[in-house]
Amino acid sequence: MQLAQRGLTTALRHHWLKAADVRRYRTTLNRAAWDARRLPKLRAQVVAAQIAQLAPLHDSYVRPRALALFEQLHENLEYLETHRLPTTRLDVKGDDGVVYRWFPGQGLEFHPLASFAELNATRDPDLAAALVARGIPRGGALYWEYAFRYGSGRPPWTSGMAQAVAAQALARAGDADAAVRAYRAVPHLLMILSSGPWIRLYSFTSEIVLNAQLQTIVSLLEYGKATGDARAAGLADRLAQTAQTLFPRFDTGEWSRYELRGAYASRSYQTFVTTLLGRLGSQTQAPFWLSAAQRFRAYLFSPVQVTQTSPPPAIWPQPLDGYLDTAPISITLSQRASVTLAVGGSISTYQLGPGLHVLTWKPPPGLGRGTYPAQLSTLTYAGNRGTVTLAPVVVQWDTQPPPVTATVADGLLSWQSTDAGTPWLALAIDLVDPSGVAPPQTVDLGQHSVSGTAVVTIPPGTWQATLRATNSAGLTTTVDLGQLTD
């Protein structure tokens with residue numbers, strides 16, 4: 001508080017502010033000090049935070065900066081004296097139409113981007129004048145400052161995107177001189193990447209943010225056309241070329257990334273980017289932007305595209321023998337989605353990305369034989385729902401011994417079977433001496449495929465031979481092999 005009061009004295013001494021302005025601002029400060037003591041605790045803390053924002057800039061209360069800071073404090077007092085703290089995002093307009101946005105713990109903050117977006121929509125000359133009055137002149141340009149901490153940014157900081165929107169909005173409102181001065185700040189808020197220029201969303205970071213670049217291109221194209229500024233039009237073209245070069249790294253094929261190498265954008269930013277792509281397509285009629293806009297609209301509004309790569313094989317879950325007890329359901333998704341599979345009264349939900357997936361359906365206990373319809377319900381990241389009918393699942397029970405034919409010739413056993421419910425047969429040859437002299441014997445051949453050959457070695461003598469073939473369900477078939485002699 002003392003620093004702010006001292007700053008006003010300094011500003012008056014240097015003729016940055018008029019005496020009437022200083023008196024008005026001191027009245028606002030005294031009112032804030034009173035509110036910080038008498039308002040409920042949480043609201044009082046916000047007032048204190050607003051007072052604290054004045055301190056770092058106390059030695060530079062030039063007229064536009066002081067206007068922005070102290071009018072912001074005034075708007076906070078007006079709001080906090082009559083309202084509880086907001087619990088959701090909130091924008092409040094001052095009497096002059098300037099937009100203040102709520103930030104938890106900090107209060108209502110003068111928001112240049114939101115304010116110029118409002119001017120873009122209304123073209124209100126009074127709002128334009130109020131915003132120009134808050135612009136900081138520097139090197140022939142006008143900069144609009146954010147006076148609060150945000151991320152790693154220490155105030156005052158600026159935004160390249162906000163400057164571009166300011167140039168566009170002021171040109172729309174008919175203030176060409178202010179629009180030109182707003183644009184002059186834009187080249188100073190660029191990053192030069194290997195692929196070309198990119199706008200700084202925040203002056204204090206090097207984040208490569210998609211929506212900032214697209215909005216800047218849209219704004220500069222309109223500003224350049226409205227004012228005849230060829231330099232702005234040329235910069236817009238270079239920004240567009242860079243955006244096209246890097247665009248595939250933002251487009252995941254189902255959604256967009258907020259920033260390069262970053263996470264998926266929120267739905268609100270995806271919607272914003274989709275709108276910007278549509279505007280770019282309309283402004284330029286360039287096939288690249290028209291195609292991108294169409295693709296991004298599909299991401300937002302179309303259900304996920306589901307392809308079943310092949311129908312599942314019939315399964316044989318009775319008895320459970322480890323073979324075809326569950327049904328593999330292969331699908332391909334066009335984008336990430338929540339997927340719910342419903343078959344035979346069983347429902348399973350999965351969170352899946354784009355591409356090929358194999359869902360494993362396990363029949364519920366006691367499910368009988370039959371053909372069961374399969375349905376897949378999808379919910380995309382954007383909230384779009386879809387339903388796809390899949391190939392039905394056929395459930396069989398393995399209750400019959402395997403049909404087997406077999407012969408032995410020259411010590412080689414050959415057999416064939418068509419048992420769809422088993423992957424193998426356990427084979428054994430039972431030997432009985434027809435004369436009854438030698439005791440019965442068994443030649444165990446182990447597990448083999450359902451059809452094949454195997455070498456058989458029998459004890460010396462003549463034997464009556466029987467093949468036992470047991471499938472994985474434990475069901476056995478016997479085949480008379482006749483007499484075998486070693």
# chains A, B, ... in the order shown; residues from 1 in each chain; ligands from 1
call {"tool": "select_by_dssp", "arguments": {"residues": "range 172-205 of chain A", "states": "alpha helix (DSSP H)", "output": "VMD selection string"}}
result
chain A and resid 172 176 to 184
call {"tool": "residues_around", "arguments": {"residues": "Ala182 in chain A", "least_positions_apart": "3", "cutoff": "10 Å", "atoms": "only C-alpha atoms", "output": "ChimeraX atom specification"}}
result
/A:132,135-137,140-144,162-171,176-179,185-186
call {"tool": "write_last_selection", "arguments": {"atoms": "C-alpha atoms", "output": "PDB file, in the first residue's frame"}}
result
ATOM      1  CA  VAL A 132      -6.041   2.487 -26.613  1.00  0.00           C
ATOM      2  CA  GLY A 135      -1.779   0.744 -24.389  1.00  0.00           C
ATOM      3  CA  ILE A 136       1.858   1.263 -23.381  1.00  0.00           C
ATOM      4  CA  PRO A 137       3.737   3.247 -26.063  1.00  0.00           C
ATOM      5  CA  GLY A 140       6.236   3.580 -32.085  1.00  0.00           C
ATOM      6  CA  ALA A 141       4.221   0.540 -31.013  1.00  0.00           C
ATOM      7  CA  LEU A 142       1.445   0.042 -28.482  1.00  0.00           C
ATOM      8  CA  TYR A 143       1.694  -2.881 -26.055  1.00  0.00           C
ATOM      9  CA  TRP A 144      -1.060  -4.135 -23.785  1.00  0.00           C
ATOM     10  CA  ALA A 162      -3.221 -10.584 -28.152  1.00  0.00           C
ATOM     11  CA  GLN A 163      -1.288  -7.938 -30.105  1.00  0.00           C
ATOM     12  CA  ALA A 164      -2.382  -9.453 -33.417  1.00  0.00           C
ATOM     13  CA  VAL A 165      -6.013  -9.571 -32.292  1.00  0.00           C
ATOM     14  CA  ALA A 166      -5.650  -5.954 -31.110  1.00  0.00           C
ATOM     15  CA  ALA A 167      -4.499  -4.871 -34.576  1.00  0.00           C
ATOM     16  CA  GLN A 168      -7.432  -6.717 -36.157  1.00  0.00           C
ATOM     17  CA  ALA A 169     -10.017  -5.378 -33.693  1.00  0.00           C
ATOM     18  CA  LEU A 170      -8.829  -1.765 -33.845  1.00  0.00           C
ATOM     19  CA  ALA A 171      -8.879  -1.887 -37.648  1.00  0.00           C
ATOM     20  CA  ALA A 176      -6.340   2.674 -38.210  1.00  0.00           C
ATOM     21  CA  ASP A 177      -3.555   4.561 -36.451  1.00  0.00           C
ATOM     22  CA  ALA A 178      -3.916   2.526 -33.253  1.00  0.00           C
ATOM     23  CA  ALA A 179      -4.213  -0.673 -35.302  1.00  0.00           C
ATOM     24  CA  ALA A 185       4.623  -4.948 -31.586  1.00  0.00           C
ATOM     25  CA  VAL A 186       3.928  -8.293 -33.297  1.00  0.00           C
TER      26      VAL A 186
END
call {"tool": "residues_around", "arguments": {"residues": "range 456-463 of chain A", "least_positions_apart": "5", "cutoff": "8 Å", "atoms": "only C-alpha atoms", "output": "VMD selection string"}}
result
chain A and resid 411 to 413 431 to 434 443 483 to 486
call {"tool": "write_last_selection", "arguments": {"atoms": "N, CA and C atoms", "output": "compact mmCIF listing (two decimals), in the first residue's frame"}}
result
# COMPACT_ATOMS: atom_id res chain seq x y z
N GLY A 411 5.53 -99.82 -39.39
CA GLY A 411 5.95 -99.12 -38.17
C GLY A 411 5.60 -97.65 -38.11
N LEU A 412 4.72 -97.18 -39.00
CA LEU A 412 4.33 -95.76 -39.02
C LEU A 412 2.83 -95.64 -38.81
N LEU A 413 2.46 -94.95 -37.76
CA LEU A 413 1.06 -94.70 -37.46
C LEU A 413 0.63 -93.41 -38.18
N LEU A 431 -1.87 -102.78 -26.48
CA LEU A 431 -1.50 -104.06 -27.12
C LEU A 431 -1.98 -105.23 -26.27
N VAL A 432 -2.64 -106.16 -26.91
CA VAL A 432 -3.13 -107.38 -26.24
C VAL A 432 -2.62 -108.59 -27.01
N ASP A 433 -2.01 -109.57 -26.27
CA ASP A 433 -1.51 -110.82 -26.87
C ASP A 433 -2.72 -111.71 -27.17
N PRO A 434 -2.98 -112.03 -28.45
CA PRO A 434 -4.15 -112.88 -28.78
C PRO A 434 -4.11 -114.23 -28.10
N VAL A 443 1.72 -98.55 -25.54
CA VAL A 443 2.75 -97.67 -26.11
C VAL A 443 2.20 -96.24 -26.08
N GLN A 483 -4.03 -106.56 -36.11
CA GLN A 483 -2.86 -107.23 -35.52
C GLN A 483 -1.57 -106.57 -36.04
N LEU A 484 -0.66 -106.37 -35.08
CA LEU A 484 0.66 -105.83 -35.40
C LEU A 484 1.69 -106.86 -34.99
N THR A 485 2.69 -107.08 -35.86
CA THR A 485 3.75 -108.04 -35.57
C THR A 485 5.09 -107.36 -35.71
N ASP A 486 5.95 -107.60 -34.70
CA ASP A 486 7.31 -107.06 -34.79
C ASP A 486 8.20 -108.09 -35.44
call {"tool": "closest_residue", "arguments": {"among": "A:Ala243, A:Ala19, A:Ser330, A:Met161", "to": "Ser195 in chain A", "atoms": "only C-alpha atoms"}}
result
A:Ala243
call {"tool": "closest_residue", "arguments": {"among": "A:Ala382, A:Leu220, A:Leu131, A:Leu239", "to": "Pro197 in chain A", "atoms": "only C-alpha atoms"}}
result
A:Leu239
call {"tool": "residues_around", "arguments": {"residues": "Leu427 in chain A", "least_positions_apart": "5", "cutoff": "8 Å", "atoms": "only C-alpha atoms", "output": "mmCIF file with N, CA and C atoms, in the first residue's frame"}}
result
data_model
loop_
_atom_site.group_PDB
_atom_site.id
_atom_site.type_symbol
_atom_site.label_atom_id
_atom_site.label_comp_id
_atom_site.auth_asym_id
_atom_site.auth_seq_id
_atom_site.Cartn_x
_atom_site.Cartn_y
_atom_site.Cartn_z
ATOM 1 N N ASP A 444 2.786 -95.406 -25.216
ATOM 2 C CA ASP A 444 2.318 -94.011 -25.069
ATOM 3 C C ASP A 444 3.045 -93.127 -26.076
ATOM 4 N N LEU A 445 2.289 -92.502 -26.955
ATOM 5 C CA LEU A 445 2.887 -91.653 -27.999
ATOM 6 C C LEU A 445 2.860 -90.168 -27.643
ATOM 7 N N GLY A 446 2.208 -89.824 -26.528
ATOM 8 C CA GLY A 446 2.166 -88.414 -26.108
ATOM 9 C C GLY A 446 1.190 -87.585 -26.923
ATOM 10 N N GLN A 447 1.319 -86.237 -26.813
ATOM 11 C CA GLN A 447 0.404 -85.318 -27.499
ATOM 12 C C GLN A 447 0.899 -85.027 -28.907
ATOM 13 N N HIS A 448 -0.067 -84.990 -29.830
ATOM 14 C CA HIS A 448 0.226 -84.681 -31.221
ATOM 15 C C HIS A 448 -0.887 -83.806 -31.766
ATOM 16 N N LEU A 467 -5.933 -98.111 -30.930
ATOM 17 C CA LEU A 467 -5.483 -96.729 -30.709
ATOM 18 C C LEU A 467 -6.473 -95.999 -29.812
ATOM 19 N N ARG A 468 -5.945 -95.360 -28.780
ATOM 20 C CA ARG A 468 -6.766 -94.468 -27.932
ATOM 21 C C ARG A 468 -6.358 -93.018 -28.238
ATOM 22 N N ALA A 469 -7.354 -92.230 -28.659
ATOM 23 C CA ALA A 469 -7.120 -90.811 -28.965
ATOM 24 C C ALA A 469 -7.995 -89.975 -28.039
ATOM 25 N N THR A 470 -7.356 -89.204 -27.171
ATOM 26 C CA THR A 470 -8.080 -88.393 -26.175
ATOM 27 C C THR A 470 -7.853 -86.912 -26.473
#
call {"tool": "residues_around", "arguments": {"residues": "range 253-267 of chain A", "least_positions_apart": "4", "cutoff": "12 Å", "atoms": "only C-alpha atoms", "output": "number ranges by chain"}}
result
A: 198, 200-201, 206-214, 243, 246-249, 271-274, 292-293, 295-305, 333-337, 353-355, 380-384
